[in-house]
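Enquirer: First the structure, which I've put down as structure tokens, then a few questions once you've had a look.
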Amino acid sequence: MRKSEFPRRRKQLMRMMGRDAIAILPAASVKHRNSDVEYRYRQDSDFHYLTGFGEPEAVAVLIPGRPQGEYILFVRDRDPVREAWDGARAGPEGAVGHFGADDAFPIGDIDDILPGLLERCPRVFYTMGVQPDFDQRVFGWVNGLRAQAKRGLHAPQEFVALDHLLHEQRLFKSRPEVDAMRKAGRIAAQAHCRAMRLAAPGRMEYEVMAELLHEFHRHHADISYYPIVGSGPNACILHYQANNRQMQDGDLLLIDAGCEHDYYASDITRTFPVNGRFTAPQRALYEVVLEAQQAAIDKTRPGNHWNEPHEAAVRAVTQGLVRLGLLKGKVSTLIREEAYRPFFMHRTGHWLGMDVHDVGDYKIGDDWRLLEPGMALTVEPGLYIPPGTRGVSREWQGIGIRIEDDVVVTPDGNEVLTDGVPKEPDAIERLMQAA
């Protein structure tokens, strides 16, 4: 992400905050996997969005209109001993020189400095509940000022939810953000194509997952969520993660996997036959899901409300199930009664950005919000018929299908960011048979 993005974001947020306000954002904490083994550090999305600063034990402070500087960072001091073990630190000088802070201080000095910054700010913008330990420190600073009111000190009078403003800002992606998401989508698409070429009867699900990870990592990307690689009946488990079954001839393989590149996520699902050929029932159900996805993408455009893509997918799925004899009755009645839900039980998409399930409200008041240029979302209808489903012919049982792409709303329609991996059944078969 180019450096000019970060000050632009800070200025936009501070305009919304107004004068006489202060925003406080702590960095993500280090998390332990087990014992003294740490997970690879990943910065908090809100913190990174505003700072681009990737170290733990840091706090960002924004004070609109402060003459001495509006943007302050508290960071770890340089420490040659710790840096020999853990890597280089920016230190306060680097926070100013490389990350654009107007001023920076050692994190160890925050208890002495931050109360003085809070003193003249009636409103504190802060996100409660994300880091409970840090919440207590903020309360402590404010209460300390209140206790000194008789000495003429002024404590903040109002706490405002920072995430309300910041997450609305993050919902609308800039051109550089869309470029980053396009890159993440391209890498993930290449990984899915690689997986299609490798999959074959007798191989293990985790072997396919290894191909996905290889493609991610060779492009300096990481998983944006733990991959789902579900074959046969496992494709009917929405959040399957064991990835340890041996694939059988005649299975479908559902892969739901995306990568994160430069802090921006992709999220793709494809379903394909392990042996390279759809059976007639598999193809029939697959085409229903594909029709539903295409109908939903067509509705993903400015001026339509958030739920219109889902409504289009539901109608296409219901029509397809009636056509195949899996549902009986009038389509409008079946939709009203949600007769499709045993087979299609999830929503058709979610916001996408720095987080896979990205921030942003889906409704304004009681109404679905309208789609606008710059919004990014997934479109992912599916059909799932587990083995033993009552009232369903055995030819359909054990089939799970989901097709998912990443879509950004543009001024005149939409752009599919993940169209680099085939989803037409004939194109899938050609790719697999050419391997």
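Ordering of the structure tokens sets the chain letters (A, B, ...), residue numbers begin anew at 1 in every chain, and ligands are numbered from 1 in the order given.
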List the neighbours of segment 396-399 of chain A out to 12 Å using only C-alpha atoms; skip same-chain residues closer than 4 positions along the sequence, and give me the result as a ChimeraX atom specification.
Expert: /A:230-237,250-254,271-273,278-286,321,324-326,343,382-392
Enquirer: Generate a file of the selected residues that holds C-alpha atoms, formatted as a PDB file, in the first residue's frame.
Expert:
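Once everything was written out, this is again.pdb:
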ATOM      1  CA  GLY A 230     -13.984 -30.959   1.588  1.00  0.00           C
ATOM      2  CA  SER A 231     -14.521 -33.955  -0.669  1.00  0.00           C
ATOM      3  CA  GLY A 232     -17.615 -36.131  -1.046  1.00  0.00           C
ATOM      4  CA  PRO A 233     -19.870 -35.781   2.014  1.00  0.00           C
ATOM      5  CA  ASN A 234     -17.465 -33.263   3.586  1.00  0.00           C
ATOM      6  CA  ALA A 235     -18.522 -30.749   0.938  1.00  0.00           C
ATOM      7  CA  CYS A 236     -21.878 -30.597   2.744  1.00  0.00           C
ATOM      8  CA  ILE A 237     -20.233 -29.317   5.962  1.00  0.00           C
ATOM      9  CA  GLY A 250     -16.922 -39.835  -8.287  1.00  0.00           C
ATOM     10  CA  ASP A 251     -16.502 -37.291  -5.460  1.00  0.00           C
ATOM     11  CA  LEU A 252     -16.956 -33.575  -5.779  1.00  0.00           C
ATOM     12  CA  LEU A 253     -14.304 -31.471  -4.049  1.00  0.00           C
ATOM     13  CA  LEU A 254     -15.353 -28.133  -2.535  1.00  0.00           C
ATOM     14  CA  THR A 271     -16.488 -27.075  -6.531  1.00  0.00           C
ATOM     15  CA  PHE A 272     -15.298 -29.613  -9.075  1.00  0.00           C
ATOM     16  CA  PRO A 273     -15.202 -33.384  -9.746  1.00  0.00           C
ATOM     17  CA  PHE A 278     -19.197 -34.198 -13.519  1.00  0.00           C
ATOM     18  CA  THR A 279     -21.851 -36.867 -13.234  1.00  0.00           C
ATOM     19  CA  ALA A 280     -25.285 -35.931 -14.588  1.00  0.00           C
ATOM     20  CA  PRO A 281     -26.766 -35.209 -11.087  1.00  0.00           C
ATOM     21  CA  GLN A 282     -23.653 -33.261 -10.066  1.00  0.00           C
ATOM     22  CA  ARG A 283     -23.759 -31.138 -13.197  1.00  0.00           C
ATOM     23  CA  ALA A 284     -27.492 -30.514 -12.860  1.00  0.00           C
ATOM     24  CA  LEU A 285     -27.139 -29.200  -9.293  1.00  0.00           C
ATOM     25  CA  TYR A 286     -23.958 -27.313 -10.156  1.00  0.00           C
ATOM     26  CA  LEU A 321     -34.869 -27.192  -7.270  1.00  0.00           C
ATOM     27  CA  LEU A 324     -35.117 -30.950 -10.777  1.00  0.00           C
ATOM     28  CA  GLY A 325     -38.020 -32.205  -8.667  1.00  0.00           C
ATOM     29  CA  LEU A 326     -36.347 -31.598  -5.302  1.00  0.00           C
ATOM     30  CA  PHE A 343     -30.579 -27.105   0.925  1.00  0.00           C
ATOM     31  CA  GLY A 382     -24.653 -23.027  -2.515  1.00  0.00           C
ATOM     32  CA  LEU A 383     -26.614 -26.280  -2.353  1.00  0.00           C
ATOM     33  CA  TYR A 384     -25.944 -29.026   0.183  1.00  0.00           C
ATOM     34  CA  ILE A 385     -27.603 -32.451   0.330  1.00  0.00           C
ATOM     35  CA  PRO A 386     -25.838 -34.603   2.939  1.00  0.00           C
ATOM     36  CA  PRO A 387     -26.027 -38.408   2.816  1.00  0.00           C
ATOM     37  CA  GLY A 388     -29.188 -39.660   4.465  1.00  0.00           C
ATOM     38  CA  THR A 389     -31.259 -36.559   3.696  1.00  0.00           C
ATOM     39  CA  ARG A 390     -34.841 -37.713   4.069  1.00  0.00           C
ATOM     40  CA  GLY A 391     -37.243 -37.346   1.179  1.00  0.00           C
ATOM     41  CA  VAL A 392     -34.477 -36.924  -1.402  1.00  0.00           C
TER      42      VAL A 392
END
Enquirer: Just the residues within 7 Å of segment 152-166 of chain A, please, counting only C-alpha atoms, with nothing from its chain fewer than 5 positions along; format it as a PyMOL selection string.
Expert: chain A and resi 13+118-127+142+145-146
Enquirer: Of the candidates A:Asn275, A:Ser393, A:Gln68, A:Thr269, which one gets nearest to Met247 of chain A if we count only C-alpha atoms?
Expert: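 Going through A:Asn275, A:Ser393, A:Gln68, A:Thr269 one by one, the smallest distance to Met247 of chain A is for A:Asn275.
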Enquirer: Closest to Met16 of chain A among A:Ile63, A:Val421, A:Val75, A:Val30, using only C-alpha atoms?
Expert: A:Ile63
Enquirer: With distances taken over only C-alpha atoms, which residue among A:Ile228, A:Val407, A:Ala265, A:Leu238 lies nearest His357 of chain A?
Expert: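 Result for the nearest residue to His357 of chain A: A:Ala265.
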Enquirer: From the set A:Gln241, A:Thr348, A:Gln43, A:Asn414, which residue has the shortest atom-to-atom contact distance to Gln293 of chain A, counting only C-alpha atoms?
Expert: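 Closest residue, counting only C-alpha atoms: A:Thr348.
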Enquirer: Do a neighbour search on Glu291 of chain A at 9 Å with only C-alpha atoms, toss out local chain neighbours closer than 6 positions, and write the hits as a list in words.
Expert: Ala313, Ala316, Val317 and Gly320 of chain A
Enquirer: With N, CA and C atoms retained, write the just-selected residues as a compact mmCIF listing (two decimals), in the first residue's frame.
Expert:
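File result.txt, as written:
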# COMPACT_ATOMS: atom_id res chain seq x y z
N ALA A 313 -30.51 -14.85 -5.81
CA ALA A 313 -29.98 -16.20 -5.67
C ALA A 313 -31.04 -17.16 -5.15
N ALA A 316 -33.41 -18.09 -7.99
CA ALA A 316 -32.81 -19.01 -8.95
C ALA A 316 -32.64 -20.41 -8.36
N VAL A 317 -32.24 -20.49 -7.10
CA VAL A 317 -32.10 -21.79 -6.45
C VAL A 317 -33.45 -22.49 -6.36
N GLY A 320 -34.57 -23.73 -9.68
CA GLY A 320 -33.79 -24.90 -10.08
C GLY A 320 -34.19 -26.15 -9.34
Enquirer: As a ChimeraX atom specification, list the residues of segment 29-62 of chain A assigned to alpha helix (DSSP H) by DSSP on the backbone atoms of this structure.
Expert: /A:45-51
Enquirer: Calculate how many Å separate atom CA of Thr318 of chain A from atom CA of Ile297 of chain A, rounding to one decimal.
Expert: 17.0 Å
